[in-house]
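> Sharing coords_21.txt, compact mmCIF, C-alpha atoms:
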```txt
# COMPACT_ATOMS: atom_id res chain seq x y z
CA MET A 18 -73.39 -81.72 26.90
CA SER A 19 -73.03 -78.51 28.91
CA LYS A 20 -73.65 -78.57 32.66
CA ILE A 21 -74.16 -74.82 32.96
CA TYR A 22 -75.80 -73.57 29.74
CA ASP A 23 -79.49 -73.89 28.95
CA GLU A 24 -81.36 -72.99 25.79
CA ASN A 25 -81.46 -69.31 26.73
CA HIS A 26 -77.69 -69.12 27.08
CA ARG A 27 -77.29 -71.04 23.83
CA LYS A 28 -79.64 -68.69 22.01
CA LEU A 29 -77.54 -65.67 22.91
CA GLN A 30 -74.29 -67.49 22.22
CA ALA A 31 -75.60 -68.30 18.76
CA GLU A 32 -76.68 -64.71 18.16
CA PHE A 33 -73.26 -63.34 19.12
CA GLU A 34 -71.36 -66.30 17.61
CA THR A 35 -69.65 -67.33 20.83
CA GLU A 36 -70.77 -70.98 21.10
CA LYS A 37 -67.31 -72.44 20.55
CA LEU A 38 -65.71 -69.94 22.91
CA ALA A 39 -68.33 -70.64 25.58
CA ASP A 40 -67.72 -74.39 25.31
CA VAL A 41 -63.97 -73.97 25.71
CA VAL A 42 -64.39 -71.61 28.65
CA GLU A 43 -66.67 -74.11 30.41
CA GLU A 44 -64.26 -76.97 29.73
CA ILE A 45 -61.21 -75.08 31.00
CA ILE A 46 -62.39 -73.07 34.02
CA VAL A 47 -65.60 -74.59 35.41
CA HIS A 48 -65.15 -77.37 37.98
CA ASP A 49 -67.28 -79.02 40.65
CA GLU A 50 -64.95 -78.92 43.63
CA VAL A 51 -62.76 -76.41 45.45
CA LEU A 52 -59.20 -76.59 44.15
CA ASP A 53 -56.15 -75.58 46.19
CA GLU A 54 -55.91 -72.19 44.46
CA ASP A 55 -59.62 -71.64 45.09
CA ARG A 56 -59.18 -72.42 48.78
CA THR A 57 -56.32 -69.95 49.10
CA PHE A 58 -58.33 -67.18 47.47
CA ILE A 59 -61.60 -67.86 49.32
CA GLU A 60 -59.97 -68.01 52.74
CA SER A 61 -58.10 -64.76 52.06
CA ARG A 62 -61.35 -62.82 51.57
CA ASP A 63 -62.94 -60.55 54.16
CA MET A 64 -66.17 -60.07 52.17
CA PHE A 65 -68.32 -61.60 49.46
CA PHE A 66 -71.70 -61.20 47.79
CA LEU A 67 -74.36 -63.84 48.47
CA SER A 68 -77.27 -64.37 46.08
CA THR A 69 -80.35 -66.21 47.33
CA ILE A 70 -83.87 -66.84 46.00
CA ASP A 71 -87.11 -66.92 47.99
CA THR A 72 -89.90 -69.44 47.58
CA GLU A 73 -91.65 -67.18 45.05
CA GLY A 74 -88.58 -66.95 42.83
CA ARG A 75 -87.59 -63.44 43.91
CA PRO A 76 -83.80 -63.01 44.06
CA THR A 77 -81.78 -60.86 46.43
CA VAL A 78 -78.07 -60.19 46.83
CA SER A 79 -76.45 -59.47 50.19
CA TYR A 80 -73.01 -58.23 51.17
CA LYS A 81 -71.36 -60.43 53.80
CA GLY A 82 -68.29 -59.18 55.65
CA GLY A 83 -65.99 -60.31 58.42
CA ASP A 84 -62.32 -60.65 59.26
CA VAL A 85 -60.01 -62.53 56.93
CA GLY A 86 -60.59 -66.24 57.52
CA PHE A 87 -64.29 -65.95 58.37
CA ILE A 88 -65.04 -68.04 55.27
CA LYS A 89 -63.78 -71.59 55.75
CA VAL A 90 -63.18 -74.26 53.14
CA VAL A 91 -64.25 -77.33 55.09
CA ASP A 92 -63.37 -79.75 52.29
CA ASP A 93 -63.23 -79.78 48.50
CA LYS A 94 -67.04 -79.77 48.27
CA THR A 95 -67.99 -77.56 51.22
CA ILE A 96 -67.48 -73.98 52.36
CA ALA A 97 -68.88 -72.46 55.55
CA PHE A 98 -69.38 -68.99 57.00
CA PRO A 99 -71.24 -67.37 59.92
CA SER A 100 -74.46 -65.39 59.81
CA TYR A 101 -73.95 -62.36 62.03
CA ASP A 102 -76.52 -59.99 63.52
CA GLY A 103 -78.28 -57.83 60.92
CA ASN A 104 -81.41 -55.71 60.73
CA GLY A 105 -83.79 -58.47 61.82
CA MET A 106 -85.17 -59.16 58.34
CA PHE A 107 -83.23 -62.43 57.82
CA MET A 108 -83.66 -62.12 54.05
CA SER A 109 -80.76 -64.38 53.05
CA MET A 110 -81.19 -66.93 55.82
CA GLY A 111 -84.94 -67.04 55.32
CA ASN A 112 -84.49 -67.56 51.60
CA ILE A 113 -82.07 -70.42 52.21
CA SER A 114 -84.59 -72.02 54.57
CA GLY A 115 -87.06 -72.26 51.69
CA ASN A 116 -84.77 -72.49 48.65
CA ARG A 117 -81.28 -73.88 49.10
CA SER A 118 -79.85 -72.65 45.77
CA VAL A 119 -77.23 -69.93 46.24
CA GLY A 120 -74.66 -68.07 44.21
CA ILE A 121 -71.54 -66.47 45.70
CA LEU A 122 -69.16 -63.91 44.22
CA PHE A 123 -65.73 -63.46 45.81
CA ILE A 124 -63.80 -60.37 44.70
CA ASP A 125 -60.34 -58.94 45.32
CA PHE A 126 -60.52 -55.21 44.58
CA GLU A 127 -56.88 -54.48 45.39
CA ASN A 128 -55.45 -57.11 43.06
CA PRO A 129 -58.37 -57.54 40.63
CA HIS A 130 -59.58 -61.13 40.73
CA ARG A 131 -62.96 -62.80 41.14
CA LEU A 132 -64.36 -66.25 41.71
CA ARG A 133 -67.94 -67.49 41.26
CA LEU A 134 -69.51 -70.34 43.20
CA GLN A 135 -72.88 -72.06 42.94
CA GLY A 136 -74.26 -74.61 45.35
CA GLU A 137 -76.87 -75.79 47.83
CA ALA A 138 -76.84 -74.12 51.23
CA SER A 139 -78.09 -75.10 54.67
CA ILE A 140 -78.20 -73.24 57.99
CA ASP A 141 -77.60 -74.67 61.47
CA ARG A 142 -77.73 -72.92 64.84
CA ASN A 143 -75.97 -75.89 66.46
CA ASP A 144 -73.18 -76.37 63.92
CA PRO A 145 -69.82 -77.29 65.57
CA LEU A 146 -68.29 -74.22 63.91
CA MET A 147 -70.45 -71.95 66.08
CA ALA A 148 -67.74 -72.12 68.73
CA GLU A 149 -65.26 -70.50 66.34
CA TYR A 150 -67.32 -67.38 65.63
CA SER A 151 -68.10 -64.84 68.33
CA GLU A 152 -71.76 -63.73 68.29
CA ALA A 153 -72.75 -65.79 65.22
CA ASP A 154 -76.48 -66.49 64.95
CA MET A 155 -75.96 -69.59 62.83
CA ILE A 156 -73.56 -71.26 60.42
CA VAL A 157 -74.15 -71.55 56.70
CA ARG A 158 -72.64 -74.51 54.86
CA VAL A 159 -72.65 -74.59 51.08
CA ASN A 160 -72.28 -77.81 49.12
CA VAL A 161 -70.42 -76.72 45.99
CA SER A 162 -71.89 -77.71 42.65
CA ARG A 163 -69.85 -75.41 40.40
CA ILE A 164 -66.99 -72.97 40.87
CA TRP A 165 -65.00 -70.93 38.38
CA ARG A 166 -62.88 -67.81 38.05
CA ASN A 167 -63.95 -64.86 35.94
CA CYS A 168 -62.03 -62.35 33.85
CA PRO A 169 -61.15 -59.42 36.17
CA ARG A 170 -60.90 -56.71 33.52
CA TYR A 171 -63.96 -54.73 34.65
CA ILE A 172 -63.07 -54.76 38.35
CA HIS A 173 -62.28 -51.23 39.49
CA LYS A 174 -59.22 -51.14 41.73
CA TYR A 175 -59.85 -50.05 45.32
CA VAL A 176 -57.68 -50.03 48.43
CA LYS A 177 -59.04 -51.12 51.80
CA GLU A 178 -58.67 -48.36 54.39
CA ALA A 179 -59.78 -50.13 57.57
CA PRO A 180 -61.76 -53.15 58.76
CA SER A 181 -65.27 -52.61 60.10
CA THR A 182 -65.39 -52.05 63.85
CA PHE A 183 -68.75 -53.86 63.92
CA VAL A 184 -67.38 -57.31 63.03
CA PRO A 185 -67.81 -59.48 66.15
CA ARG A 186 -64.48 -60.29 67.77
CA ALA A 187 -63.85 -62.35 70.89
CA ASP A 188 -61.39 -59.87 72.42
CA CYS A 189 -63.62 -56.78 72.49
CA GLU A 190 -67.23 -55.64 72.90
CA THR A 191 -69.06 -55.24 69.60
CA PRO A 192 -70.45 -51.69 69.30
CA LEU A 193 -74.13 -51.22 68.63
CA PRO A 194 -74.90 -49.62 65.25
CA ASP A 195 -76.29 -46.10 65.56
CA TRP A 196 -79.70 -47.02 64.20
CA LYS A 197 -80.16 -49.49 67.06
CA LYS A 198 -79.58 -46.63 69.52
CA VAL A 199 -82.61 -44.65 68.31
CA ASP A 200 -85.04 -44.17 71.19
CA MET A 201 -88.17 -45.24 69.29
CA ILE A 202 -86.43 -48.45 68.19
CA GLN A 203 -85.62 -49.66 71.73
CA PRO A 204 -88.90 -51.52 72.41
CA LEU A 205 -88.59 -53.33 69.08
CA LEU A 206 -85.10 -54.73 69.59
CA ALA A 207 -84.47 -58.41 70.17
CA PRO A 208 -83.89 -59.35 73.83
CA LYS A 209 -80.14 -59.72 73.23
CA ASP A 210 -79.93 -56.04 72.27
CA GLN A 211 -82.14 -54.64 75.03
CA GLY A 212 -80.21 -52.23 77.27
CA LYS A 213 -77.10 -52.09 75.07
CA ALA A 214 -77.72 -48.51 73.94
CA GLU A 215 -77.69 -47.23 77.53
CA LYS A 216 -74.43 -49.08 78.18
CA GLN A 217 -72.83 -47.71 75.01
CA GLY A 218 -73.41 -43.99 75.38
CA GLY A 219 -77.19 -43.73 75.60
CA THR A 220 -80.06 -43.52 73.14
CA ILE A 221 -80.39 -40.96 70.35
CA THR A 222 -83.29 -39.43 68.47
CA ILE A 223 -84.09 -40.08 64.82
CA ASP A 224 -82.93 -36.51 64.04
CA GLU A 225 -79.60 -37.18 65.72
CA LEU A 226 -79.24 -40.36 63.66
CA LEU A 227 -79.81 -38.39 60.46
CA GLU A 228 -77.18 -35.88 61.54
CA ILE A 229 -74.69 -38.66 62.22
CA GLU A 230 -75.36 -40.25 58.86
CA ALA A 231 -74.99 -36.88 57.11
CA ARG A 232 -71.57 -36.41 58.74
CA ASP A 233 -70.47 -39.91 57.73
CA ASP A 234 -71.43 -39.20 54.11
```
Before we go any further, please render this structure as structure tokens.

Amino acid sequence: MSKIYDENHRKLQAEFETEKLADVVEEIIVHDEVLDEDRTFIESRDMFFLSTIDTEGRPTVSYKGGDVGFIKVVDDKTIAFPSYDGNGMFMSMGNISGNRSVGILFIDFENPHRLRLQGEASIDRNDPLMAEYSEADMIVRVNVSRIWRNCPRYIHKYVKEAPSTFVPRADCETPLPDWKKVDMIQPLLAPKDQGKAEKQGGTITIDELLEIEARDD
């Protein structure tokens, strides 16, 4: 009996006559723990896509980025990564608080390869790994239920030009994003961000932000 296909998958497999292929693919590539080759690939990534679901069943997908090594394989059933400062919405972390099911997609765009992971996530602001991540708000741990590689044929090949200067690093001050420098935003910022704009060049107007964004485009 399949561990990943339900009647809806089976219906489409029957329609397109891929039932036997689907069974072989599941048998060969789907596993329930992180293998050595999975670990190597995961820990070499500097970004991934995280899918979460809220308590009303609404899904969202978020991009998560950091320096190489910011995703850790704790053991063959657990991966962990930090939640860094965002826009204050806490969509992914809030979803995990109410619905622990997550999906993760790791991709290598330079040497096309991808890996899918499903599991149950938890968040902890006092996790021991907090000490290893500068400016992390909390640590996410995912208990792996299924993991498998996918065919990379549709992955467009891209080359990384430069790492983001906004990734928190212990050896330098993290710059404030331009939108957090907007004058009308200042009273709304969390206490940890109050006063940073003045220290990092001063506040800007919304029109100046739009000009900056137009130049960046």
> Name all residues at most 6 Å from Ser100 of chain A (count all atoms listed in the file; drop same-chain ones fewer than 3 positions away) and give them as a list in words.
Ala153, Asp154, Met155 and Ile156 of chain A
> Which residues come within 6 Å of segment 108-125 of chain A, counting all atoms listed in the file, excluding same-chain residues fewer than 3 positions away, as a CSV table (one decimal) with C-alpha atoms, in the coordinates of the input?

```csv
chain,number,residue,atom,x,y,z
A,65,PHE,CA,-68.3,-61.6,49.5
A,66,PHE,CA,-71.7,-61.2,47.8
A,67,LEU,CA,-74.4,-63.8,48.5
A,68,SER,CA,-77.3,-64.4,46.1
A,69,THR,CA,-80.4,-66.2,47.3
A,70,ILE,CA,-83.9,-66.8,46.0
A,71,ASP,CA,-87.1,-66.9,48.0
A,72,THR,CA,-89.9,-69.4,47.6
A,128,ASN,CA,-55.4,-57.1,43.1
A,129,PRO,CA,-58.4,-57.5,40.6
A,130,HIS,CA,-59.6,-61.1,40.7
A,131,ARG,CA,-63.0,-62.8,41.1
A,132,LEU,CA,-64.4,-66.2,41.7
A,133,ARG,CA,-67.9,-67.5,41.3
A,134,LEU,CA,-69.5,-70.3,43.2
A,135,GLN,CA,-72.9,-72.1,42.9
A,136,GLY,CA,-74.3,-74.6,45.4
A,137,GLU,CA,-76.9,-75.8,47.8
A,138,ALA,CA,-76.8,-74.1,51.2
```
> Measuring atom to atom with only C-alpha atoms, identify which of A:Phe98, A:Phe58, A:Tyr80, A:Trp165 is nearest to Ile45 of chain A.
A:Trp165
> With a distance cut-off of 7 Å and only C-alpha atoms, select the neighbouring residues of Arg62 of chain A, excluding the residue or stretch itself and same-chain residues fewer than 3 positions from it, and output the selection as a list in words.
Phe58, Ile59, Val85 and Gly86 of chain A
> Might you pull out every residue within 9 Å of Met201 of chain A, with all atoms listed in the file counted and same-chain residues fewer than 3 positions away left off, and present them as an NGL selection string?
:A and (198 or 204-205 or 221-223)
> Would you mind listing what lies within 8 Å of segment 184-192 of chain A as a tab-separated table (two decimals) with C-alpha atoms, in the frame of the given file, with all atoms listed in the file counted and same-chain residues fewer than 2 positions away left out?

```
chain	number	residue	atom	x	y	z
A	82	GLY	CA	-68.29	-59.18	55.65
A	83	GLY	CA	-65.99	-60.31	58.42
A	84	ASP	CA	-62.32	-60.65	59.26
A	101	TYR	CA	-73.95	-62.36	62.03
A	150	TYR	CA	-67.32	-67.38	65.63
A	151	SER	CA	-68.10	-64.84	68.33
A	152	GLU	CA	-71.76	-63.73	68.29
A	181	SER	CA	-65.27	-52.61	60.10
A	182	THR	CA	-65.39	-52.05	63.85
A	194	PRO	CA	-74.90	-49.62	65.25
A	217	GLN	CA	-72.83	-47.71	75.01
```
